[in-house]
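What follows is the content of target.cif (mmCIF, C-alpha atoms and all ligand atoms).
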```cif
data_upload
loop_
_atom_site.label_atom_id
_atom_site.label_comp_id
_atom_site.auth_asym_id
_atom_site.auth_seq_id
_atom_site.Cartn_x
_atom_site.Cartn_y
_atom_site.Cartn_z
CA MET A 1 11.06 17.56 -5.84
CA SER A 2 13.47 14.69 -6.22
CA ASP A 3 16.87 13.45 -5.19
CA GLY A 4 19.25 13.59 -8.11
CA ASN A 5 18.59 13.80 -11.78
CA ARG A 6 16.19 11.53 -13.61
CA ALA A 7 18.19 11.74 -16.84
CA SER A 8 21.17 10.12 -15.14
CA ALA A 9 19.29 7.73 -12.85
CA ARG A 10 20.15 4.04 -13.18
CA CYS A 11 16.92 2.73 -11.70
CA TRP A 12 14.05 4.92 -10.56
CA ALA A 13 10.34 5.23 -9.94
CA ASP A 14 8.17 7.92 -11.49
CA ILE A 15 5.30 8.98 -9.26
CA ASP A 16 2.34 10.84 -10.73
CA LEU A 17 0.79 12.97 -7.99
CA ALA A 18 -1.91 14.30 -10.29
CA ALA A 19 -3.03 10.70 -10.90
CA LEU A 20 -3.10 10.12 -7.13
CA GLU A 21 -5.40 13.09 -6.66
CA ARG A 22 -7.67 12.01 -9.54
CA ASN A 23 -7.85 8.53 -8.02
CA VAL A 24 -8.90 9.84 -4.61
CA ARG A 25 -11.57 12.02 -6.17
CA LEU A 26 -12.89 9.11 -8.26
CA ILE A 27 -12.99 6.77 -5.26
CA ARG A 28 -14.83 9.38 -3.20
CA ALA A 29 -17.29 10.02 -5.99
CA SER A 30 -18.04 6.28 -6.16
CA LEU A 31 -19.04 6.22 -2.46
CA PRO A 32 -22.04 7.69 -0.65
CA ALA A 33 -21.28 11.30 0.26
CA HIS A 34 -21.34 10.79 4.04
CA ILE A 35 -18.47 8.28 3.98
CA SER A 36 -15.21 9.59 5.46
CA TYR A 37 -11.99 8.76 3.66
CA VAL A 38 -9.20 7.33 5.78
CA ALA A 39 -6.04 7.39 3.65
CA VAL A 40 -3.75 4.50 4.56
CA VAL A 41 -0.14 5.61 4.11
CA LYS A 42 1.78 2.98 6.06
CA ALA A 43 5.14 1.65 4.81
CA ASP A 44 6.21 5.01 3.35
CA ALA A 45 2.88 5.36 1.56
CA TYR A 46 3.21 1.93 -0.01
CA GLY A 47 6.72 2.76 -1.18
CA HIS A 48 5.62 5.92 -3.01
CA GLY A 49 7.20 8.30 -0.47
CA LEU A 50 5.27 9.60 2.53
CA PRO A 51 5.89 13.37 2.43
CA GLN A 52 4.84 13.87 -1.18
CA ILE A 53 1.92 11.46 -1.02
CA ALA A 54 0.59 12.80 2.26
CA GLY A 55 0.88 16.38 1.04
CA ARG A 56 -1.15 15.62 -2.05
CA LEU A 57 -3.73 13.59 -0.13
CA VAL A 58 -4.34 16.56 2.15
CA HIS A 59 -4.90 18.65 -0.95
CA ALA A 60 -7.26 16.01 -2.34
CA GLY A 61 -9.30 16.35 0.83
CA VAL A 62 -8.93 13.10 2.75
CA ASP A 63 -10.38 13.11 6.27
CA LEU A 64 -7.90 11.08 8.30
CA PHE A 65 -4.61 9.26 7.88
CA ALA A 66 -3.81 5.74 9.02
CA VAL A 67 -0.27 4.45 9.51
CA ALA A 68 1.14 1.30 11.03
CA ASN A 69 3.14 2.65 13.94
CA LEU A 70 4.40 5.55 15.99
CA ALA A 71 7.52 6.17 13.89
CA GLU A 72 5.37 6.49 10.79
CA ALA A 73 2.98 8.84 12.57
CA MET A 74 5.90 11.06 13.65
CA ALA A 75 7.21 11.06 10.07
CA LEU A 76 3.77 12.14 8.92
CA ARG A 77 3.77 15.02 11.43
CA GLU A 78 7.19 16.07 10.14
CA THR A 79 5.64 16.64 6.74
CA GLY A 80 3.78 19.51 8.36
CA THR A 81 0.26 18.17 8.34
CA ASP A 82 -1.79 18.34 11.52
CA TRP A 83 -4.47 16.00 10.09
CA PRO A 84 -5.68 13.32 12.51
CA VAL A 85 -3.73 10.07 12.46
CA LEU A 86 -4.85 6.57 13.43
CA LEU A 87 -2.22 4.02 14.46
CA LEU A 88 -3.25 0.61 13.12
CA SER A 89 -0.69 -1.63 14.86
CA PRO A 90 -0.58 -2.29 18.60
CA LEU A 91 1.47 0.17 20.61
CA LEU A 92 4.20 -1.35 22.72
CA PRO A 93 4.18 -0.35 26.38
CA GLY A 94 7.05 2.12 25.92
CA GLU A 95 5.14 3.95 23.19
CA ASP A 96 1.83 4.77 24.89
CA ARG A 97 2.96 7.98 26.50
CA ARG A 98 4.46 9.41 23.30
CA ALA A 99 1.34 8.58 21.34
CA ALA A 100 -0.78 10.25 24.02
CA GLU A 101 1.35 13.39 24.09
CA ARG A 102 1.26 13.74 20.32
CA GLY A 103 -2.46 13.22 20.08
CA PHE A 104 -2.40 10.19 17.79
CA ALA A 105 -5.42 7.91 17.81
CA ALA A 106 -4.67 4.35 18.92
CA THR A 107 -6.25 1.01 18.05
CA VAL A 108 -7.52 -0.90 21.09
CA SER A 109 -8.05 -4.67 21.00
CA SER A 110 -7.73 -5.59 24.66
CA ALA A 111 -8.33 -4.50 28.25
CA GLY A 112 -4.59 -4.29 28.79
CA GLU A 113 -4.18 -1.79 25.99
CA ALA A 114 -7.15 0.24 27.17
CA ASP A 115 -5.73 0.46 30.70
CA ARG A 116 -2.25 1.41 29.51
CA LEU A 117 -3.55 4.09 27.18
CA ASN A 118 -5.79 5.44 29.92
CA ALA A 119 -2.76 5.77 32.21
CA ALA A 120 -0.81 7.42 29.38
CA GLY A 121 -3.66 9.88 28.83
CA GLN A 122 -3.67 10.77 32.49
CA ALA A 123 0.10 11.29 32.50
CA ALA A 124 -0.03 13.37 29.32
CA GLY A 125 -2.81 15.52 30.68
CA GLN A 126 -5.10 14.92 27.72
CA PRO A 127 -7.43 12.08 26.81
CA VAL A 128 -6.19 9.52 24.27
CA THR A 129 -8.37 9.08 21.21
CA VAL A 130 -9.04 5.39 20.54
CA HIS A 131 -10.72 3.23 17.94
CA LEU A 132 -12.05 -0.05 19.27
CA LYS A 133 -11.14 -2.91 16.95
CA ILE A 134 -13.30 -6.00 16.64
CA ASP A 135 -12.00 -9.31 15.29
CA THR A 136 -14.75 -10.65 13.03
CA GLY A 137 -12.64 -13.37 11.45
CA MET A 138 -9.26 -11.92 10.55
CA GLY A 139 -7.72 -13.64 13.56
CA ARG A 140 -5.19 -10.88 14.09
CA LEU A 141 -5.91 -7.62 15.93
CA GLY A 142 -9.17 -6.80 17.66
CA VAL A 143 -11.28 -8.21 20.45
CA TRP A 144 -13.16 -11.35 19.38
CA HIS A 145 -16.59 -10.22 18.18
CA GLU A 146 -18.54 -12.32 20.65
CA GLU A 147 -16.61 -10.81 23.55
CA VAL A 148 -16.80 -7.13 22.72
CA THR A 149 -19.20 -6.02 25.46
CA ALA A 150 -16.74 -6.12 28.36
CA LEU A 151 -14.14 -4.09 26.48
CA TRP A 152 -16.76 -1.62 25.26
CA GLU A 153 -17.92 -1.04 28.83
CA ARG A 154 -14.39 -0.79 30.17
CA ILE A 155 -13.47 1.88 27.61
CA GLY A 156 -16.62 3.75 28.62
CA ARG A 157 -15.48 3.77 32.25
CA LEU A 158 -11.90 4.90 31.64
CA PRO A 159 -11.85 8.70 32.01
CA HIS A 160 -8.71 9.40 29.99
CA LEU A 161 -9.88 7.65 26.82
CA ARG A 162 -12.01 9.27 24.14
CA LEU A 163 -13.66 6.70 21.88
CA ALA A 164 -13.76 7.99 18.29
CA GLY A 165 -14.34 4.86 16.23
CA VAL A 166 -15.18 1.18 16.04
CA PHE A 167 -13.81 -0.97 13.25
CA THR A 168 -12.95 -4.38 11.88
CA HIS A 169 -10.76 -5.75 9.09
CA PHE A 170 -11.60 -8.26 6.36
CA ALA A 171 -9.57 -11.43 5.87
CA SER A 172 -10.43 -12.26 2.24
CA PRO A 173 -12.26 -9.34 0.64
CA ASP A 174 -10.50 -10.03 -2.67
CA GLU A 175 -11.17 -13.78 -2.65
CA ASP A 176 -14.24 -14.69 -0.66
CA ALA A 177 -17.27 -12.41 -0.88
CA ALA A 178 -19.36 -14.81 1.25
CA PHE A 179 -16.92 -14.64 4.16
CA THR A 180 -16.72 -10.86 3.80
CA THR A 181 -20.50 -10.71 4.12
CA GLU A 182 -20.26 -12.97 7.15
CA GLN A 183 -17.71 -10.62 8.70
CA ARG A 184 -19.98 -7.63 8.06
CA GLN A 185 -22.83 -9.47 9.81
CA ARG A 186 -20.66 -10.43 12.75
CA PHE A 187 -19.57 -6.80 13.01
CA LEU A 188 -23.15 -5.50 13.01
CA ALA A 189 -24.06 -8.08 15.65
CA ALA A 190 -21.06 -6.97 17.71
CA LEU A 191 -22.13 -3.31 17.48
CA ALA A 192 -25.51 -4.39 18.83
CA ARG A 193 -23.68 -5.88 21.83
CA CYS A 194 -22.32 -2.43 22.76
CA PRO A 195 -24.96 -0.79 24.95
CA GLY A 196 -25.56 2.84 24.06
CA LEU A 197 -23.44 2.79 20.91
CA ASP A 198 -24.47 5.62 18.60
CA PRO A 199 -23.03 4.97 15.12
CA ALA A 200 -23.60 8.59 14.15
CA ALA A 201 -21.25 9.74 16.92
CA LEU A 202 -18.40 7.43 15.89
CA LEU A 203 -16.38 6.46 12.84
CA ILE A 204 -17.64 3.00 11.93
CA HIS A 205 -15.30 1.38 9.41
CA ALA A 206 -14.46 -1.95 7.88
CA ASP A 207 -13.59 -1.53 4.23
CA ASN A 208 -10.12 -1.58 2.79
CA SER A 209 -9.70 -1.32 -0.99
CA ALA A 210 -11.10 -4.76 -1.81
CA GLY A 211 -13.92 -4.34 0.68
CA LEU A 212 -15.23 -1.46 -1.42
CA GLU A 213 -16.46 -4.03 -3.94
CA THR A 214 -19.17 -5.10 -1.51
CA ILE A 215 -19.86 -1.94 0.51
CA GLU A 216 -23.24 -1.37 -1.27
CA GLY A 217 -25.71 0.54 0.89
CA ALA A 218 -23.08 1.15 3.61
CA GLY A 219 -25.48 0.52 6.56
CA PRO A 220 -23.91 2.03 9.69
CA PHE A 221 -20.51 2.21 7.96
CA ASN A 222 -19.45 5.84 7.61
CA ALA A 223 -15.73 5.56 6.81
CA VAL A 224 -13.42 3.52 4.57
CA ARG A 225 -9.69 2.84 4.88
CA VAL A 226 -8.15 3.02 1.43
CA GLY A 227 -4.59 1.99 0.67
CA LEU A 228 -3.81 0.20 -2.56
CA LEU A 229 -6.66 1.51 -4.70
CA GLN A 230 -5.66 5.15 -4.29
CA PHE A 231 -2.36 4.23 -5.95
CA GLY A 232 -4.35 3.03 -8.94
CA ILE A 233 -3.88 -0.68 -8.37
CA LEU A 234 -6.78 -3.10 -8.25
CA PRO A 235 -6.78 -5.58 -5.37
CA ARG A 236 -7.46 -8.45 -7.78
CA ALA A 237 -7.73 -9.10 -11.50
CA GLY A 238 -11.29 -8.62 -12.69
CA SER A 239 -12.18 -6.45 -9.70
CA LEU A 240 -15.49 -4.60 -9.88
CA LEU A 241 -13.46 -1.59 -8.80
CA ALA A 242 -12.09 -1.40 -12.35
CA SER A 243 -15.21 0.67 -13.08
CA VAL A 244 -13.84 3.41 -10.79
CA ARG A 245 -11.13 3.99 -13.46
CA THR A 246 -8.20 4.75 -11.19
CA GLU A 247 -4.78 4.99 -12.85
CA PRO A 248 -1.42 3.69 -11.64
CA VAL A 249 0.57 6.32 -9.76
CA LEU A 250 3.96 4.57 -9.87
CA SER A 251 6.10 3.22 -12.69
CA PHE A 252 9.43 1.47 -12.29
CA HIS A 253 12.36 2.01 -14.64
CA ALA A 254 15.96 1.05 -15.31
CA ARG A 255 18.45 1.54 -18.13
CA VAL A 256 20.45 -0.56 -20.51
CA GLY A 257 23.97 -0.56 -19.09
CA LEU A 258 25.54 -2.84 -21.69
CA VAL A 259 24.53 -4.52 -24.94
CA LYS A 260 26.33 -7.58 -26.17
CA ARG A 261 26.18 -10.64 -28.39
CA LEU A 262 26.36 -14.12 -26.93
CA PRO A 263 26.51 -17.35 -28.93
CA ALA A 264 23.93 -20.14 -28.80
CA GLY A 265 24.81 -22.51 -25.98
CA ALA A 266 26.11 -19.80 -23.62
CA SER A 267 24.52 -19.74 -20.18
CA VAL A 268 23.32 -16.58 -18.49
CA SER A 269 23.80 -15.37 -14.91
CA TYR A 270 24.28 -17.12 -11.55
CA GLY A 271 23.47 -20.78 -11.34
CA ARG A 272 23.36 -21.06 -15.16
CA THR A 273 19.58 -21.45 -15.14
CA HIS A 274 19.16 -20.24 -18.73
CA THR A 275 21.04 -21.48 -21.80
CA LEU A 276 20.70 -19.54 -25.05
CA ARG A 277 19.08 -21.53 -27.84
CA ARG A 278 20.21 -19.12 -30.53
CA ASP A 279 22.88 -16.52 -31.09
CA SER A 280 21.46 -13.65 -29.07
CA THR A 281 21.72 -9.99 -28.28
CA VAL A 282 21.32 -9.39 -24.57
CA ALA A 283 20.92 -6.13 -22.66
CA ILE A 284 22.23 -5.88 -19.12
CA LEU A 285 19.83 -3.67 -17.16
CA THR A 286 20.97 -1.47 -14.26
CA ALA A 287 18.53 -2.90 -11.72
CA GLY A 288 18.44 -5.99 -9.58
CA TYR A 289 17.09 -7.26 -6.31
CA GLY A 290 19.07 -4.55 -4.54
CA ASP A 291 16.58 -2.18 -6.13
CA GLY A 292 13.50 -4.30 -5.59
CA VAL A 293 13.37 -6.47 -8.68
CA PRO A 294 12.49 -9.70 -6.90
CA ARG A 295 14.76 -12.63 -7.56
CA ALA A 296 11.56 -14.63 -7.96
CA VAL A 297 11.01 -13.04 -11.40
CA SER A 298 14.18 -14.70 -12.72
CA ASN A 299 13.43 -16.38 -16.07
CA ARG A 300 9.80 -15.19 -15.77
CA ALA A 301 9.37 -11.44 -16.10
CA GLN A 302 9.32 -9.36 -19.23
CA VAL A 303 10.68 -5.83 -19.49
CA LEU A 304 9.80 -3.15 -22.03
CA VAL A 305 12.71 -1.94 -24.14
CA ARG A 306 11.88 0.31 -27.10
CA GLY A 307 8.24 -0.50 -26.42
CA GLN A 308 8.69 -4.25 -26.86
CA ARG A 309 8.45 -7.00 -24.27
CA CYS A 310 11.84 -8.61 -23.64
CA PRO A 311 12.14 -11.74 -21.50
CA VAL A 312 14.39 -11.81 -18.45
CA LEU A 313 17.12 -14.40 -18.96
CA GLY A 314 18.52 -16.30 -16.00
CA ARG A 315 18.63 -15.09 -12.44
CA VAL A 316 18.09 -11.51 -11.35
CA THR A 317 21.24 -10.44 -9.49
CA MET A 318 21.74 -7.74 -6.88
CA ASP A 319 22.58 -4.96 -9.31
CA GLN A 320 21.81 -6.26 -12.80
CA THR A 321 19.18 -8.13 -14.76
CA VAL A 322 19.76 -9.62 -18.22
CA VAL A 323 17.08 -9.43 -20.91
CA ASP A 324 16.89 -10.82 -24.43
CA VAL A 325 16.76 -8.00 -27.00
CA THR A 326 17.62 -10.13 -30.04
CA ASP A 327 14.30 -9.24 -31.67
CA VAL A 328 14.41 -5.54 -30.83
CA PRO A 329 16.38 -3.53 -33.37
CA GLY A 330 18.69 -0.71 -32.36
CA VAL A 331 18.95 -1.20 -28.60
CA GLU A 332 21.68 1.03 -27.20
CA VAL A 333 23.38 1.71 -23.91
CA ASN A 334 21.37 4.18 -21.81
CA ASP A 335 18.04 3.16 -23.37
CA GLU A 336 15.23 3.24 -20.84
CA ALA A 337 13.78 -0.10 -19.74
CA VAL A 338 10.35 -0.26 -18.10
CA LEU A 339 9.77 -2.95 -15.48
CA VAL A 340 6.31 -1.65 -14.53
CA GLY A 341 4.52 0.97 -16.60
CA ARG A 342 4.08 1.98 -20.24
CA GLN A 343 6.49 2.47 -23.07
CA GLY A 344 5.62 2.95 -26.72
CA GLY A 345 2.55 0.78 -27.23
CA GLY A 346 3.54 -1.65 -24.47
CA ALA A 347 2.36 -1.83 -20.89
CA ILE A 348 3.25 -4.01 -17.91
CA SER A 349 1.03 -3.63 -14.88
CA LEU A 350 2.14 -3.97 -11.29
CA ALA A 351 -0.31 -6.87 -11.01
CA GLU A 352 1.32 -8.75 -13.89
CA PHE A 353 4.81 -8.07 -12.53
CA SER A 354 3.70 -9.25 -9.08
CA GLN A 355 2.34 -12.47 -10.58
CA TRP A 356 5.71 -13.20 -12.13
CA ALA A 357 7.18 -12.71 -8.66
CA GLY A 358 4.58 -15.03 -7.13
CA THR A 359 3.43 -12.27 -4.81
CA ILE A 360 0.87 -9.49 -4.37
CA PRO A 361 1.13 -5.84 -5.50
CA TRP A 362 1.34 -4.64 -1.89
CA GLU A 363 4.57 -6.56 -1.37
CA THR A 364 6.03 -5.55 -4.74
CA LEU A 365 5.61 -1.87 -3.82
CA CYS A 366 7.14 -2.34 -0.38
CA ALA A 367 10.08 -4.16 -1.95
CA ILE A 368 11.27 -1.19 -4.03
CA THR A 369 14.33 -0.17 -2.05
CA LYS A 370 15.82 3.07 -0.80
CA ARG A 371 18.41 2.89 -3.57
CA VAL A 372 15.69 3.77 -6.05
CA PRO A 373 15.07 7.52 -6.32
CA ARG A 374 11.44 8.57 -6.66
CA PHE A 375 10.75 11.37 -9.15
CA TYR A 376 7.53 13.27 -8.63
CA HIS A 377 5.39 14.60 -11.44
CA GLY A 378 2.06 16.37 -11.61
CA GLY A 379 2.95 18.64 -8.69
CA LEU A 380 0.87 21.62 -7.73
CA GLY A 381 3.64 24.05 -8.59
CA PHE A 382 4.01 25.75 -5.25
C1 LIG B 1 -3.20 -1.82 5.22
C2 LIG B 1 -4.54 -1.72 5.81
C3 LIG B 1 -5.61 -1.17 5.08
C4 LIG B 1 -5.50 -0.76 3.62
O1 LIG B 1 -5.62 -1.89 2.82
P1 LIG B 1 -5.62 -1.84 1.22
O2 LIG B 1 -5.99 -3.21 0.84
O3 LIG B 1 -4.24 -1.48 0.81
O4 LIG B 1 -6.62 -0.82 0.82
C5 LIG B 1 -6.82 -1.00 5.73
N1 LIG B 1 -6.97 -1.38 7.03
C6 LIG B 1 -5.97 -1.94 7.74
C7 LIG B 1 -6.22 -2.35 9.14
C8 LIG B 1 -4.74 -2.14 7.16
O5 LIG B 1 -3.76 -2.70 7.87
#
```
As a first step, turn the structure in this file into structure tokens.
Ligand SMILES: *Cc1c(COP(=O)(O)O)cnc(C)c1O
Amino acid sequence: MSDGNRASARCWADIDLAALERNVRLIRASLPAHISYVAVVKADAYGHGLPQIAGRLVHAGVDLFAVANLAEAMALRETGTDWPVLLLSPLLPGEDRRAAERGFAATVSSAGEADRLNAAGQAAGQPVTVHLKIDTGMGRLGVWHEEVTALWERIGRLPHLRLAGVFTHFASPDEDAAFTTEQRQRFLAALARCPGLDPAALLIHADNSAGLETIEGAGPFNAVRVGLLQFGILPRAGSLLASVRTEPVLSFHARVGLVKRLPAGASVSYGRTHTLRRDSTVAILTAGYGDGVPRAVSNRAQVLVRGQRCPVLGRVTMDQTVVDVTDVPGVEVNDEAVLVGRQGGGAISLAEFSQWAGTIPWETLCAITKRVPRFYHGGLGF
């Protein structure tokens, strides 16, 4: 279930599929039973690897998949699943027909999209499933919430569209609960502007991972779109979702490629941004920004070697990163180094690593490159 051999990998990610399945079951158990689970697997399942993640999510019993675009939806089909798929990004005009023929559900934000998809449905000889998206304050996709009625009525008149859902997306669910509440209210008001809308006959969804903090009684909401949380990562420090007890699915590893002594006063790596204050032992790790260790963590991150936190010295380079192991006895070539994950008694979370990089966990995951083999554990054994 992996490319190459973990024992000889220079830099790799371990992916725990059993943890993924436990996470999905815990998230579901934390929600009212009637809520459908839309598994968001865009960007190669957040860098975890689409085929393996999708396969396990089917086993865990998700209801629907969401991906960004047509290429991702086709990749999902190639994994063998015939589960329904929702495309979250706008389709370009050249893509409508292919989406219609393959039976993917499309997001509709405008009359132009509705008309194009209707024509594509006619040409394909089968209606196109659509989810109407309402902009309640994200300022990105969706029809502006005060203007939904015309689009709602237009979709109702177009014979080659089949409306399956209505949804919105939160702008600051992890930062601004008051605005999230405002967006929920705008969404409910917008639903009331759609004559004849029967929430029980549609998927009504708003919540991404962080939204789940405030979903409460659910109201007309009967589906959630979960990305980050199913991979065991909280959308913010101190999240209420910590009580759901998900576990990280991915850990990120490299090896010690060289150990050497350098004298006090020597500078380390490009640009000479770090000068050693003492005679030091440094370990050169076999991972750099070519693998997805952001250059922004230069002089900031720590890495676990022999279970101890070792500071990154100087700039991260394309293929190597230097860490200070002066205080860690016995470090040897080929020792495992943990950038994100656990080792011995130590642990570095993706959130902490992302903070060193000045970014968010979503981006950190997407930044782990193709050069990094993913090794899958906790498989089902068939
Ligand atoms: C990516 C995405 C999600 C999932 O968000 P998470 O915060 O990762 O749970 C949900 N809805 C839409 C529209 C998205 O683009």
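Using all atoms listed in the file, the nearest neighbour of ligand LIG 1 (chain B) within the list A:Ile134, A:Val40, A:Leu191, A:Val108 is A:Val40.
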Report as a PyMOL selection string all protein, DNA and RNA residues lying within 8 Å of Ala75 in chain A, evaluated on only C-alpha atoms, omitting residues in the same chain fewer than 4 positions from it.
chain A and resi 50+71+79
Compare A:Leu313, A:Ala164, A:Cys194, A:Ala301 by their minimum atom-to-atom distance to Trp152 in chain A, counting all atoms listed in the file, and give me the closest one.
A:Cys194
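Among the candidates A:Gln308, A:Ser267, A:Gln302, A:Asn69, the residue lying nearest to ligand LIG 1 (chain B) is A:Asn69 (atoms considered: only C-alpha atoms and all ligand atoms).
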Once you count all atoms listed in the file, what closest atom pair and distance in Å to one decimal does each residue of chain A within 9 Å of ligand LIG 1 (chain B) have, with rows by chain and rising residue number, as a tab-separated table?
```
residue	atom	partner	partner_atom	distance
A:Val38	CA	B:LIG1	C5	8.7
A:Ala39	CA	B:LIG1	C4	8.2
A:Val40	CA	B:LIG1	C4	5.6
A:Val41	CA	B:LIG1	C1	8.1
A:Lys42	CA	B:LIG1	C1	7.0
A:Tyr46	CA	B:LIG1	O3	8.2
A:Ala66	CA	B:LIG1	N1	8.0
A:Val67	CA	B:LIG1	O5	8.1
A:Ala68	CA	B:LIG1	O5	7.1
A:Leu88	CA	B:LIG1	C7	5.8
A:Ser89	CA	B:LIG1	O5	7.7
A:Leu141	CA	B:LIG1	C7	8.6
A:Phe167	CA	B:LIG1	C7	8.7
A:Thr168	CA	B:LIG1	C7	7.5
A:His169	CA	B:LIG1	C7	5.7
A:Phe170	CA	B:LIG1	N1	8.3
A:Pro173	CA	B:LIG1	O2	8.8
A:Asp174	CA	B:LIG1	O2	8.9
A:Ala206	CA	B:LIG1	N1	7.6
A:Asp207	CA	B:LIG1	C5	7.0
A:Asn208	CA	B:LIG1	O4	4.1
A:Ser209	CA	B:LIG1	O4	3.6
A:Ala210	CA	B:LIG1	O2	6.0
A:Gly211	CA	B:LIG1	O2	8.0
A:Leu212	CA	B:LIG1	O4	8.9
A:Val224	CA	B:LIG1	C5	8.1
A:Arg225	CA	B:LIG1	C5	4.9
A:Val226	CA	B:LIG1	O4	4.2
A:Gly227	CA	B:LIG1	O4	3.5
A:Leu228	CA	B:LIG1	O3	3.8
A:Leu229	CA	B:LIG1	O4	6.0
A:Gln230	CA	B:LIG1	O4	7.9
A:Pro235	CA	B:LIG1	O2	6.7
A:Trp362	CA	B:LIG1	O3	7.0
```
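One finds CA of Ser109 in chain A at 4.1 Å from CA of Gly142 in chain A.
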